[in-house]
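Visitor: Before I ask anything, let me first share the structure, which is written out below as structure tokens.
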Amino acid sequence: MAKTIQEINEKIQQGKAVVFDAEEIIELVKQKGYKKAAAEVDVVTTGTFAPMCSSGAYFNIGHSNPRIKLGGGRVTLNEVPVYTGFAAVDLFLGATALPDDDPRNRIYPGRFAYGGAHVIEDLVAGKDVRLTAQAYGTDCYPRRQLDTWIRLEDMNEAVLFNMRNAYQNYNVAVNLSNHVIHTYMGVLQPKMRNATYCSAGQLSPLLNDPYYRTIGMGTAIFLGGGVGYVVGSGTQHNPTVPRGENGVPRMGAGTLCVTGNLKEMSDRWLRGASFTGYGTTLAVGIGVPIPILDEEILRYTSVADADLVAQVVDYSGAYPNCLPGSLGEVSYAKLKSGSITVNGQKVKTAGLSSYVRAKEIATILKQWIQSGSFLLTQPSVPLPSADSGIQFRPLEERNVSDKTAAVGL
Amino acid sequence: MAVKRLILNFPAHLVDQPVTYQLIRKFDLRVNILRARITPREEGRLMVEVSGRKSSLEAGLGYLAELGLAVEPLAREVTWHQERCIECSACVSICPTGALSVERSAMHVSFLGDKCIACELCVHVCPYKAMEIVF
């Protein structure tokens, strides 16, 4: 009964495609079994809405008169510095960039009220953003300074580009120390009084296609409220970690690099976030459609929270010092129940990934497909999978003996 | 038994009055002080949970009004900006009273102002500035 993406797209165009989200499919499989469900269903939609620091956006702001070469100069958007190491008016803004006068963690824990992620949210919301620039001036680009208001619609291109997103599984964070710690996994209370996790579990894109059989370069997705595309595997893509019998990684594994037109996105699905004592980051809404090409893929999409596990990691010692090992393995069903047991201790849990919003994304994507406005894509290059041998490596520091040696000349 | 969570605003000339003592002794009320603060201009703010018989509570509140204290319900000081909340549940495990909670199957987050003691723990835990407490 194997189907092709082309066949599914024909059904979508005829308004006949059968679409379930990754939560609904679990129930359908319970009722009808894998074989019948696989024959009946054409697409399963997934969703996730969670913070990801490796998010950013690039812009072409258009040429001023007289022209200015921002490349090699200094530019800020709402006082947040952007990267200018390109041509005259191309800029890249990262989610974690902070204004120069933000006190960071000098007054601990820092608040990080506004950063690059918030600029992206403001731009997407249609707000005016203040652009200031200092450049060195050339014969062809004589201008040296700029100070203007700019908004998304004024720009030639505005493109979200997240080099790492949609993590396939992630750590559960706890704190074994005697004092409060502030991390990208939130505020962690001493002596393991709380635990935080960050995955949509059974709705999460890569947990529903664990070997990346249908997701790859070019896959069209829901991104930030608009249509985006998978560029390829994201940074730190680590497909060779231990997996369960269902094929799903038991810890952080695959990642996606994604991109899309920022002008088509919405501030409901791109939200600046401030993690006390840590920094700013961007919550990004992503939804990936999974074509049910055969029974095996259907089987993968029917995975439930009870079958998905994550590792509990101490963020006061093991994580910062790169010490391997886990304090235990817990299921997403337990994490979502409100408490887990670690080393015999009951620990309250809190999510950083919004399950409610993940479900909303999966539902929106389902509606797009049902209405015929969104077609599936055949990936042009698959993501490296469990058999690729690709492994995420630490930095190997090497001794710099001659500190006066010329660099880069 | 009636319970009220209140903010008592003391003008400068009443800051040294033993108001809670009188509430306990004269009106037979249980007063649980949640937080207290005196501003640089010597106005005082007391966040209390007062409980007792309904009639006693009313009489006690009458006494406070007569003294010239401005009394506000605590709920007014705590705001859950629902439009900013993404319902991630980061705040829920840190809330000591269960004022912030999750409806477990669909994972919807809700806030019950009556249960809040304005400890402010959630304010710094929420990455989206959805909780605001003025005290």
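Here's how to read the names in the structure tokens: chain A, B, ... by the order shown, residue numbers from 1 in each chain, ligand numbers from 1 in the order shown.
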Considering only C-alpha atoms, return as an NGL selection string whatever protein or nucleic-acid residues lie within 9 Å of Gly285 (chain A), sequence-local ones (same chain, fewer than 3 positions apart) excluded.

Guide: :A and (47-50 or 222-225 or 268-271 or 357-358 or 361)

Visitor: Residues of chain B within 9 Å of chain A, using only C-alpha atoms, as a PDB file with N, CA and C atoms, in the first residue's frame?

Guide:
```pdb
ATOM      1  N   ILE B  86       2.588  31.704  27.024  1.00  0.00           N
ATOM      2  CA  ILE B  86       2.556  30.698  25.948  1.00  0.00           C
ATOM      3  C   ILE B  86       2.149  29.330  26.501  1.00  0.00           C
ATOM      4  N   GLU B  87       1.801  29.288  27.777  1.00  0.00           N
ATOM      5  CA  GLU B  87       1.369  28.044  28.422  1.00  0.00           C
ATOM      6  C   GLU B  87       2.454  26.963  28.374  1.00  0.00           C
ATOM      7  N   CYS B  88       3.702  27.363  28.711  1.00  0.00           N
ATOM      8  CA  CYS B  88       4.781  26.375  28.721  1.00  0.00           C
ATOM      9  C   CYS B  88       4.796  25.602  30.035  1.00  0.00           C
ATOM     10  N   SER B  89       4.311  26.233  31.109  1.00  0.00           N
ATOM     11  CA  SER B  89       4.227  25.665  32.460  1.00  0.00           C
ATOM     12  C   SER B  89       5.508  25.821  33.280  1.00  0.00           C
ATOM     13  N   ALA B  90       6.450  26.648  32.816  1.00  0.00           N
ATOM     14  CA  ALA B  90       7.702  26.864  33.563  1.00  0.00           C
ATOM     15  C   ALA B  90       7.429  27.362  34.987  1.00  0.00           C
ATOM     16  N   CYS B  91       6.364  28.129  35.166  1.00  0.00           N
ATOM     17  CA  CYS B  91       6.058  28.748  36.458  1.00  0.00           C
ATOM     18  C   CYS B  91       5.439  27.765  37.444  1.00  0.00           C
ATOM     19  N   VAL B  92       4.866  26.693  36.932  1.00  0.00           N
ATOM     20  CA  VAL B  92       3.967  25.884  37.752  1.00  0.00           C
ATOM     21  C   VAL B  92       4.682  25.158  38.895  1.00  0.00           C
ATOM     22  N   SER B  93       5.881  24.624  38.603  1.00  0.00           N
ATOM     23  CA  SER B  93       6.538  23.837  39.652  1.00  0.00           C
ATOM     24  C   SER B  93       7.104  24.733  40.746  1.00  0.00           C
ATOM     25  N   ILE B  94       7.211  26.017  40.466  1.00  0.00           N
ATOM     26  CA  ILE B  94       7.835  26.926  41.424  1.00  0.00           C
ATOM     27  C   ILE B  94       6.793  27.633  42.289  1.00  0.00           C
ATOM     28  N   VAL B 102      -1.597  23.468  36.070  1.00  0.00           N
ATOM     29  CA  VAL B 102      -1.767  22.911  34.728  1.00  0.00           C
ATOM     30  C   VAL B 102      -2.915  21.916  34.739  1.00  0.00           C
ATOM     31  N   ARG B 104      -3.971  18.773  33.387  1.00  0.00           N
ATOM     32  CA  ARG B 104      -2.966  17.817  32.927  1.00  0.00           C
ATOM     33  C   ARG B 104      -3.146  17.153  31.574  1.00  0.00           C
ATOM     34  N   SER B 105      -4.296  16.893  31.086  1.00  0.00           N
ATOM     35  CA  SER B 105      -4.258  16.181  29.813  1.00  0.00           C
ATOM     36  C   SER B 105      -3.917  17.114  28.654  1.00  0.00           C
ATOM     37  N   ALA B 106      -4.597  18.275  28.594  1.00  0.00           N
ATOM     38  CA  ALA B 106      -4.322  19.194  27.478  1.00  0.00           C
ATOM     39  C   ALA B 106      -3.178  20.149  27.785  1.00  0.00           C
ATOM     40  N   MET B 107      -2.731  20.175  29.050  1.00  0.00           N
ATOM     41  CA  MET B 107      -1.609  20.997  29.510  1.00  0.00           C
ATOM     42  C   MET B 107      -1.897  22.513  29.471  1.00  0.00           C
ATOM     43  N   HIS B 108      -3.160  22.891  29.627  1.00  0.00           N
ATOM     44  CA  HIS B 108      -3.490  24.310  29.719  1.00  0.00           C
ATOM     45  C   HIS B 108      -3.052  24.863  31.072  1.00  0.00           C
ATOM     46  N   VAL B 109      -2.450  26.061  31.044  1.00  0.00           N
ATOM     47  CA  VAL B 109      -2.003  26.706  32.280  1.00  0.00           C
ATOM     48  C   VAL B 109      -3.083  27.692  32.727  1.00  0.00           C
ATOM     49  N   HIS B 124      10.196  36.025  37.952  1.00  0.00           N
ATOM     50  CA  HIS B 124      11.530  35.869  37.368  1.00  0.00           C
ATOM     51  C   HIS B 124      11.705  34.533  36.648  1.00  0.00           C
ATOM     52  N   VAL B 125      10.731  33.663  36.819  1.00  0.00           N
ATOM     53  CA  VAL B 125      10.806  32.358  36.173  1.00  0.00           C
ATOM     54  C   VAL B 125      10.165  32.402  34.792  1.00  0.00           C
ATOM     55  N   CYS B 126       9.211  33.311  34.610  1.00  0.00           N
ATOM     56  CA  CYS B 126       8.504  33.391  33.318  1.00  0.00           C
ATOM     57  C   CYS B 126       9.375  34.101  32.286  1.00  0.00           C
ATOM     58  N   PRO B 127       9.769  33.417  31.214  1.00  0.00           N
ATOM     59  CA  PRO B 127      10.613  34.060  30.202  1.00  0.00           C
ATOM     60  C   PRO B 127       9.871  35.101  29.360  1.00  0.00           C
ATOM     61  N   TYR B 128       8.535  35.122  29.454  1.00  0.00           N
ATOM     62  CA  TYR B 128       7.741  35.963  28.555  1.00  0.00           C
ATOM     63  C   TYR B 128       7.097  37.150  29.274  1.00  0.00           C
ATOM     64  N   LYS B 129       7.514  37.388  30.505  1.00  0.00           N
ATOM     65  CA  LYS B 129       7.019  38.513  31.314  1.00  0.00           C
ATOM     66  C   LYS B 129       5.489  38.491  31.419  1.00  0.00           C
TER      67      LYS B 129
END
```

Visitor: Between CA of Gln236 (chain A) and CA of Gly216 (chain A), what is the distance, to one decimal in Å?

Guide: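 CA of Gln236 (chain A) sits 15.8 Å away from CA of Gly216 (chain A).
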
Visitor: Give the answer as one residue: which of B:Ala59, B:Arg37, B:Met131, B:Asp114 has the shortest atom-to-atom distance to Arg84 (chain B), using only C-alpha atoms?

Guide: B:Met131

Visitor: Enumerate the residues of region 249-327 of chain A with a DSSP assignment of alpha helix (DSSP H), computed from the backbone, and present them as a ChimeraX atom specification.

Guide: /A:295-301

Visitor: Only C-alpha atoms, please: the residues just picked out, written as a PDB file, in the first residue's frame.

Guide:
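Result file again-v5.pdb:
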```pdb
ATOM      1  CA  GLU A 295       3.178   1.274   7.578  1.00  0.00           C
ATOM      2  CA  GLU A 296       6.600   1.750   9.163  1.00  0.00           C
ATOM      3  CA  ILE A 297       6.296   5.547   9.016  1.00  0.00           C
ATOM      4  CA  LEU A 298       2.776   5.344  10.441  1.00  0.00           C
ATOM      5  CA  ARG A 299       4.146   3.206  13.258  1.00  0.00           C
ATOM      6  CA  TYR A 300       6.747   5.883  14.058  1.00  0.00           C
ATOM      7  CA  THR A 301       4.152   8.676  14.134  1.00  0.00           C
TER       8      THR A 301
END
```
